[in-house]
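Asker: Take this structure first; my questions come after.
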Number of protein chains: 2
Amino acid sequence: MSIKLTILGCHSATPRVNAFPTSQYLEINNCHFLIDCGEGTQRQMRKYKVGFSKINHIFISHLHGDHFYGLVGLLSTYGILSREKDMHIYGPKGIKKATLLMLKISESHAKFNMIFHELSSNESELIFENDKVTVSTIPLNHRVYTNGYLFKEKEKPRKLNMLNISGYPEIDKADYLNIKAGKDVTLASGEIIKNDVLTKNPPKPLSYAFCSDTSYKPDIVTIVKNADILYHEATFLSDRQDLAKKTKHSTTLEAAQIAKDANVNKLIIGHYSGRYKDINLFQKEAETIFENVFLANPGEVFTANS
Amino acid sequence: MSIKLTILGCHSATPRVNAFPTSQYLEINNCHFLIDCGEGTQRQMRKYKVGFSKINHIFISHLHGDHFYGLVGLLSTYGILSREKDMHIYGPKGIKKATLLMLKISESHAKFNMIFHELSSNESELIFENDKVTVSTIPLNHRVYTNGYLFKEKEKPRKLNMLNISGYPEIDKADYLNIKAGKDVTLASGEIIKNDVLTKNPPKPLSYAFCSDTSYKPDIVTIVKNADILYHEATFLSDRQDLAKKTKHSTTLEAAQIAKDANVNKLIIGHYSGRYKDINLFQKEAETIFENVFLANPGEVFTANS
């Protein structure tokens with residue numbers, strides 16, 4: 001089981017030459033997701049060699065431009081690239097109408113279906129599931145309707161303990177599927193061999209929680225509990241707690257508090273306000289509360305394995 | 001009188017790491033215009049140190065994404081920068097509705113007025129005029145409704161020929177305004193001093209013609225006649241004349257033919273298709289028809305003075 005997260009952009013809205021708005025590419029249990037899509041995301045995808053055709057699901061947290069204005073250009077490019085596979089787009093109510101109008105006036109004729117999943121609930125909900133992964137919303141608190149997303153690997157079947165199984169010649173290969181599914185085996189003698197003798201634990205399912213943009217919202221702790229990686233926005237240092245409150249963003253201390261309370265393994269912070277020249281200050285401040293803190297930077301890759 | 005043209009982007013639609021869609025910043029007779037606004041334009045403006053606040057007029061040729069998808073992000077940024085001055089946006093019918101819907105769902109609250117001038121005529125029309133410059137459309141022929149734009153300096157008043165004037169002590173400073181306006185002077189003796197004795201020609205007014213995207217359209221020659229600088233798209237070399245015709249783009253030979261027939265001083269070509277690795281081939285081919293050819297490249301500056 002594995003997570004590989006590539007940061008495509010991690011800065012807040014005001015454009016600077018070396019700043020890129022939020023976008024992330026997530027590979028989890030061999031599924032491929034794009035998270036947020038600020039202006040210029042498609043160029044960042046090229047730069048960091050993200051395979052365009054692997055992505056079938058795009059998750060947009062909210063409709064502020066620095067998280068969303070790259071979507072229409074990306075979809076238009078998929079048309080130019082003659083994409084034929086369905087593309088699923090998850091985001092706040094309104095995303096479909098605006099995106100389709102922009103594509104229509106550009107006369108972008110796509111051969112593929114765009115399937116919009118518009119969100120409006122304020123409760124966490126399961127919005128995607130296949131045989132490998134689930135995705136649920138993390139309701140956030142920002143100036144507009146916003147969701148984070150929790151990506152969780154599904155449990156794999158138990159692994160056969162071949163050493164122990166070989167001690168029971170009566171057990172046939174035909175039984176392996178049941179054993180992997182957790183069942184005990186009853187021998188002809190009536191003896192029951194417990195499943196935990198015949199199997200080993202499968203790798204631990206991993207999870208990634210993406211939380212941007214939001215003010216400090218302690219009730220998300222139960223949703224992101226024990227995540228292997230948590231990305232939580234930290235737009236301001238605690239010196240601008242006032243501004244964080246006013247603009248419904250978080251400080252580094254608040255992001256770190258969520259990470260600590262949720263007992264996550266690794267915290268990544270980003271969405272730095274342009275007012276700070278030295279982003280290392282974000283890390284230092286967060287580390288006063290939570291020790292395993294990393295700074296998002298374009299092109300940076302974070303991994304977890306089990 | 002002077003023109004300074006900064007190329008912000010000059011490539012066709014498919015995203016590549018070092019390719020930027022069409023956008024240009026034009027300074028002409030101390031007026032400042034943005035022409036086209038593909039995705040990422042605002043970042044290119046930062047990179048090449050374009051003063052955001054100087055621009056009050058944006059001209060969009062057509063609504064294909066690679067000429068237009070950066071507009072909403074730029075307008076949103078002007079809101080973040082607390083702009084208060086009116087912004088005039090010229091472009092095809094439909095541009096207003098789509099742009100305002102995108103800004104609305106992002107809840108981008110701008111303090112400034114956006115004044116849209118929607119175009120739908122197939123004849124050249126004067127769309128902007130102040131005391132220094134006029135801007136007229138150049139109807140083009142592309143897959144969607146498209147205009148190029150002709151930017152022309154206005155004639156300045158004639159310049160006083162002080163050496164000759166000093167030969168007539170009777171002529172007073174109070175007469176200078178009339179003399180600059182081209183009037184003769186009648187002395188007390190009844191002698192008429194012709195204006196061309198008292199004045200010199202003012203600097204020649206300059207003009208810049210922007211033509212992208214279009215198939216070969218010889219009837220624009222009369223509109224762009226004698227332009228000091230002509231930008232004309234050249235998406236393909238003549239080896240793909242078939243594709244140029246099909247996609248309603250031009251080849252280098254066609255761009256050069258327009259430049260030659262219109263007797264312009266300088267031809268800039270751009271909008272190169274991604275299929276060509278060596279863009280110097282575009283210049284070489286165009287030079288077989290017109291000698292003064294330049295390649296658009298991001299950050300490149302072209303000037304004209306008189």
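In the structure tokens, chains take letters A, B, ... by order of appearance, with residues numbered from 1 within each chain and ligands from 1 in the order shown.
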Can you check which residues of chain A have any atom within 10 Å of chain B? Use only C-alpha atoms and format it as JSON, numbers by chain.
Answerer: {"A": [13, 14, 15, 16, 17, 18, 19, 20, 38, 39, 40, 41, 42, 43, 44, 45, 46, 47, 48, 49, 62, 63, 64, 65, 66, 67, 68, 69, 70, 71, 72, 73, 74, 76, 77, 78, 80, 81, 92, 93, 94, 95, 97, 98, 99, 100, 101, 102, 103, 104, 105, 106, 107, 108, 143, 144]}
Asker: Mind the document's chain letters and residue numbers, and return as a PyMOL selection string the residues of stretch 85-212 of chain B that DSSP labels helix (DSSP H, G or I).
Answerer: chain B and resi 95-105+162-165+173-180+195-198
Asker: Can you spit out the residues from that selection as a PDB file, in the first residue's frame, using N, CA and C atoms?
Answerer:
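What follows is the written file out-v9.pdb:
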ATOM      1  N   ILE B  95     -18.252  37.259 -24.062  1.00  0.00           N
ATOM      2  CA  ILE B  95     -17.136  37.371 -23.106  1.00  0.00           C
ATOM      3  C   ILE B  95     -17.621  37.883 -21.747  1.00  0.00           C
ATOM      4  N   LYS B  96     -18.623  38.757 -21.774  1.00  0.00           N
ATOM      5  CA  LYS B  96     -19.086  39.369 -20.525  1.00  0.00           C
ATOM      6  C   LYS B  96     -19.775  38.346 -19.625  1.00  0.00           C
ATOM      7  N   LYS B  97     -20.703  37.612 -20.200  1.00  0.00           N
ATOM      8  CA  LYS B  97     -21.504  36.675 -19.404  1.00  0.00           C
ATOM      9  C   LYS B  97     -20.609  35.616 -18.742  1.00  0.00           C
ATOM     10  N   ALA B  98     -19.709  35.035 -19.542  1.00  0.00           N
ATOM     11  CA  ALA B  98     -18.858  33.965 -19.007  1.00  0.00           C
ATOM     12  C   ALA B  98     -17.901  34.492 -17.941  1.00  0.00           C
ATOM     13  N   THR B  99     -17.314  35.651 -18.213  1.00  0.00           N
ATOM     14  CA  THR B  99     -16.351  36.218 -17.258  1.00  0.00           C
ATOM     15  C   THR B  99     -17.039  36.569 -15.944  1.00  0.00           C
ATOM     16  N   LEU B 100     -18.192  37.212 -16.046  1.00  0.00           N
ATOM     17  CA  LEU B 100     -18.889  37.620 -14.821  1.00  0.00           C
ATOM     18  C   LEU B 100     -19.401  36.416 -14.036  1.00  0.00           C
ATOM     19  N   LEU B 101     -19.812  35.347 -14.738  1.00  0.00           N
ATOM     20  CA  LEU B 101     -20.275  34.151 -14.018  1.00  0.00           C
ATOM     21  C   LEU B 101     -19.118  33.513 -13.237  1.00  0.00           C
ATOM     22  N   MET B 102     -17.954  33.428 -13.884  1.00  0.00           N
ATOM     23  CA  MET B 102     -16.781  32.856 -13.198  1.00  0.00           C
ATOM     24  C   MET B 102     -16.414  33.693 -11.973  1.00  0.00           C
ATOM     25  N   LEU B 103     -16.459  35.000 -12.118  1.00  0.00           N
ATOM     26  CA  LEU B 103     -16.115  35.869 -10.980  1.00  0.00           C
ATOM     27  C   LEU B 103     -17.177  35.752  -9.887  1.00  0.00           C
ATOM     28  N   LYS B 104     -18.421  35.595 -10.304  1.00  0.00           N
ATOM     29  CA  LYS B 104     -19.514  35.518  -9.333  1.00  0.00           C
ATOM     30  C   LYS B 104     -19.415  34.234  -8.502  1.00  0.00           C
ATOM     31  N   ILE B 105     -19.194  33.092  -9.144  1.00  0.00           N
ATOM     32  CA  ILE B 105     -19.171  31.857  -8.342  1.00  0.00           C
ATOM     33  C   ILE B 105     -17.935  31.811  -7.454  1.00  0.00           C
ATOM     34  N   MET B 162      11.909  77.416 -34.976  1.00  0.00           N
ATOM     35  CA  MET B 162      12.269  78.640 -34.246  1.00  0.00           C
ATOM     36  C   MET B 162      13.283  79.488 -35.008  1.00  0.00           C
ATOM     37  N   LEU B 163      14.141  78.838 -35.779  1.00  0.00           N
ATOM     38  CA  LEU B 163      15.139  79.581 -36.549  1.00  0.00           C
ATOM     39  C   LEU B 163      14.443  80.512 -37.540  1.00  0.00           C
ATOM     40  N   ASN B 164      13.469  79.954 -38.265  1.00  0.00           N
ATOM     41  CA  ASN B 164      12.748  80.771 -39.247  1.00  0.00           C
ATOM     42  C   ASN B 164      11.849  81.803 -38.577  1.00  0.00           C
ATOM     43  N   ILE B 165      11.174  81.409 -37.490  1.00  0.00           N
ATOM     44  CA  ILE B 165      10.267  82.342 -36.798  1.00  0.00           C
ATOM     45  C   ILE B 165      11.032  83.565 -36.297  1.00  0.00           C
ATOM     46  N   LYS B 173       4.560  85.173 -29.311  1.00  0.00           N
ATOM     47  CA  LYS B 173       4.335  83.837 -28.727  1.00  0.00           C
ATOM     48  C   LYS B 173       2.855  83.453 -28.746  1.00  0.00           C
ATOM     49  N   ALA B 174       2.006  84.452 -28.658  1.00  0.00           N
ATOM     50  CA  ALA B 174       0.550  84.204 -28.649  1.00  0.00           C
ATOM     51  C   ALA B 174       0.092  83.554 -29.952  1.00  0.00           C
ATOM     52  N   ASP B 175       0.915  83.711 -31.015  1.00  0.00           N
ATOM     53  CA  ASP B 175       0.542  83.116 -32.314  1.00  0.00           C
ATOM     54  C   ASP B 175       0.936  81.637 -32.425  1.00  0.00           C
ATOM     55  N   TYR B 176       1.781  81.177 -31.507  1.00  0.00           N
ATOM     56  CA  TYR B 176       2.394  79.846 -31.680  1.00  0.00           C
ATOM     57  C   TYR B 176       1.348  78.720 -31.797  1.00  0.00           C
ATOM     58  N   LEU B 177       0.273  78.833 -31.008  1.00  0.00           N
ATOM     59  CA  LEU B 177      -0.728  77.765 -31.013  1.00  0.00           C
ATOM     60  C   LEU B 177      -1.365  77.613 -32.398  1.00  0.00           C
ATOM     61  N   ASN B 178      -1.675  78.784 -33.011  1.00  0.00           N
ATOM     62  CA  ASN B 178      -2.241  78.754 -34.365  1.00  0.00           C
ATOM     63  C   ASN B 178      -1.221  78.202 -35.370  1.00  0.00           C
ATOM     64  N   ILE B 179       0.016  78.584 -35.198  1.00  0.00           N
ATOM     65  CA  ILE B 179       1.058  78.123 -36.141  1.00  0.00           C
ATOM     66  C   ILE B 179       1.217  76.605 -36.037  1.00  0.00           C
ATOM     67  N   LYS B 180       1.242  76.099 -34.758  1.00  0.00           N
ATOM     68  CA  LYS B 180       1.350  74.640 -34.563  1.00  0.00           C
ATOM     69  C   LYS B 180       0.169  73.924 -35.196  1.00  0.00           C
ATOM     70  N   ASN B 195       2.711  78.549 -43.565  1.00  0.00           N
ATOM     71  CA  ASN B 195       2.954  77.722 -42.368  1.00  0.00           C
ATOM     72  C   ASN B 195       4.174  76.834 -42.521  1.00  0.00           C
ATOM     73  N   ASP B 196       4.419  76.294 -43.714  1.00  0.00           N
ATOM     74  CA  ASP B 196       5.555  75.357 -43.830  1.00  0.00           C
ATOM     75  C   ASP B 196       6.898  76.042 -43.713  1.00  0.00           C
ATOM     76  N   VAL B 197       6.916  77.393 -43.746  1.00  0.00           N
ATOM     77  CA  VAL B 197       8.159  78.132 -43.455  1.00  0.00           C
ATOM     78  C   VAL B 197       8.370  78.196 -41.937  1.00  0.00           C
ATOM     79  N   LEU B 198       7.260  78.275 -41.218  1.00  0.00           N
ATOM     80  CA  LEU B 198       7.323  78.504 -39.764  1.00  0.00           C
ATOM     81  C   LEU B 198       7.348  77.209 -38.936  1.00  0.00           C
TER      82      LEU B 198
END
Asker: Just want the 8 Å neighbourhood of B:Leu267, counted on only C-alpha atoms, with same-chain residues fewer than 2 positions away dropped. Output as a PyMOL selection string.
Answerer: chain B and resi 229-232+256+259+264-265+269+292-294
Asker: Using only C-alpha atoms, which residues sit within 7 Å of B:Val185 once same-chain residues fewer than 3 positions away are excluded, as a PyMOL selection string?
Answerer: chain B and resi 192-194
Asker: Give me every strand (DSSP E) residue in stretch 29-129 of chain B, going by DSSP on the backbone, as JSON, numbers by chain.
Answerer: {"B": [31, 32, 33, 34, 35, 57, 58, 59, 87, 88, 89, 90, 91, 92, 114, 115, 116, 117, 118, 119, 126, 127, 128, 129]}
Asker: Pull N, CA, C and O atoms from the residues just selected and write them as a short mmCIF file (atom, residue, chain, number, x, y, z; two decimals), in the first residue's frame.
Answerer:
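Output file part-v1.cif follows:
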data_model
loop_
_atom_site.label_atom_id
_atom_site.label_comp_id
_atom_site.auth_asym_id
_atom_site.auth_seq_id
_atom_site.Cartn_x
_atom_site.Cartn_y
_atom_site.Cartn_z
N CYS B 31 0.32 55.16 -23.95
CA CYS B 31 -0.86 54.40 -23.55
C CYS B 31 -0.45 52.94 -23.36
O CYS B 31 0.51 52.48 -23.99
N HIS B 32 -1.18 52.22 -22.50
CA HIS B 32 -0.75 50.88 -22.10
C HIS B 32 -1.89 49.90 -22.31
O HIS B 32 -2.96 50.05 -21.71
N PHE B 33 -1.66 48.89 -23.14
CA PHE B 33 -2.73 47.95 -23.49
C PHE B 33 -2.26 46.51 -23.30
O PHE B 33 -1.11 46.19 -23.58
N LEU B 34 -3.19 45.68 -22.85
CA LEU B 34 -2.93 44.24 -22.84
C LEU B 34 -3.70 43.62 -24.01
O LEU B 34 -4.89 43.92 -24.20
N ILE B 35 -3.02 42.77 -24.77
CA ILE B 35 -3.65 42.14 -25.94
C ILE B 35 -3.64 40.63 -25.73
O ILE B 35 -2.59 40.01 -25.59
N HIS B 57 -7.13 48.92 -20.39
CA HIS B 57 -7.82 48.42 -21.59
C HIS B 57 -7.22 47.07 -21.98
O HIS B 57 -6.01 46.96 -22.16
N ILE B 58 -8.09 46.07 -22.08
CA ILE B 58 -7.65 44.73 -22.47
C ILE B 58 -8.40 44.34 -23.74
O ILE B 58 -9.63 44.44 -23.79
N PHE B 59 -7.66 43.89 -24.73
CA PHE B 59 -8.26 43.52 -26.02
C PHE B 59 -8.10 42.02 -26.22
O PHE B 59 -6.98 41.51 -26.24
N MET B 87 -11.95 49.22 -15.69
CA MET B 87 -11.21 48.39 -16.64
C MET B 87 -12.11 48.12 -17.84
O MET B 87 -13.24 47.64 -17.69
N HIS B 88 -11.59 48.46 -19.02
CA HIS B 88 -12.35 48.24 -20.26
C HIS B 88 -11.86 46.95 -20.92
O HIS B 88 -10.65 46.76 -21.09
N ILE B 89 -12.81 46.09 -21.26
CA ILE B 89 -12.46 44.81 -21.88
C ILE B 89 -13.17 44.71 -23.22
O ILE B 89 -14.41 44.82 -23.29
N TYR B 90 -12.40 44.51 -24.28
CA TYR B 90 -12.93 44.41 -25.64
C TYR B 90 -12.78 42.97 -26.10
O TYR B 90 -11.70 42.40 -26.01
N GLY B 91 -13.87 42.40 -26.61
CA GLY B 91 -13.77 41.03 -27.10
C GLY B 91 -15.10 40.58 -27.68
O GLY B 91 -16.10 41.31 -27.61
N PRO B 92 -15.12 39.37 -28.22
CA PRO B 92 -16.33 38.88 -28.88
C PRO B 92 -17.52 38.80 -27.93
O PRO B 92 -17.37 38.60 -26.72
N MET B 114 -16.01 46.85 -14.37
CA MET B 114 -15.55 46.18 -15.58
C MET B 114 -16.50 46.58 -16.69
O MET B 114 -17.70 46.29 -16.62
N ILE B 115 -15.97 47.24 -17.69
CA ILE B 115 -16.83 47.72 -18.77
C ILE B 115 -16.51 46.89 -20.01
O ILE B 115 -15.40 46.97 -20.56
N PHE B 116 -17.45 46.05 -20.37
CA PHE B 116 -17.22 45.15 -21.50
C PHE B 116 -17.71 45.80 -22.80
O PHE B 116 -18.82 46.33 -22.85
N HIS B 117 -16.89 45.75 -23.82
CA HIS B 117 -17.25 46.22 -25.15
C HIS B 117 -17.30 44.99 -26.05
O HIS B 117 -16.26 44.51 -26.51
N GLU B 118 -18.50 44.46 -26.22
CA GLU B 118 -18.63 43.21 -26.97
C GLU B 118 -18.71 43.49 -28.47
O GLU B 118 -19.44 44.38 -28.90
N LEU B 119 -17.96 42.74 -29.22
CA LEU B 119 -17.81 42.97 -30.66
C LEU B 119 -18.53 41.89 -31.44
O LEU B 119 -18.50 40.71 -31.05
N LEU B 126 -13.80 51.40 -35.53
CA LEU B 126 -13.04 52.12 -34.52
C LEU B 126 -13.66 51.81 -33.16
O LEU B 126 -14.85 52.06 -32.95
N ILE B 127 -12.87 51.24 -32.23
CA ILE B 127 -13.47 50.84 -30.96
C ILE B 127 -12.90 51.61 -29.77
O ILE B 127 -13.44 51.55 -28.68
N PHE B 128 -11.80 52.33 -29.99
CA PHE B 128 -11.22 53.11 -28.89
C PHE B 128 -10.53 54.34 -29.47
O PHE B 128 -9.88 54.25 -30.51
N GLU B 129 -10.66 55.45 -28.76
CA GLU B 129 -9.98 56.67 -29.20
C GLU B 129 -9.75 57.56 -28.00
O GLU B 129 -10.66 57.75 -27.19
#
Asker: Could you please determine the separation between atom CA of A:Ile289 and atom CA of A:Gln257 in Å, to one decimal place?
Answerer: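 Separation of atom CA of A:Ile289 and atom CA of A:Gln257: 6.5 Å.
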Asker: Find the spatial neighbours of A:Ala304, counting only C-alpha atoms, within a cut-off of 9 Å - ignore same-chain residues fewer than 6 positions away - and output them as a ChimeraX atom specification.
Answerer: /A:1-5,206,228-229
Asker: Can you list, as a VMD selection string, every protein, DNA or RNA residue that comes within 9 Å of A:Pro218 when you count only C-alpha atoms, leaving out same-chain residues fewer than 2 positions away?
Answerer: chain A and resid 216 220 to 222 257 to 258 261
Asker: Could you jot down the atom CA of B:Arg240 to atom CA of B:Pro21 separation for me, Å, one decimal place?
Answerer: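 It comes out at 20.9 Å.
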Asker: So how far away is atom CA of B:His109 from atom CA of A:Ile7, in Å?
Answerer: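 About the pair atom CA of A:Ile7 and atom CA of B:His109: they are 28.7 Å apart.
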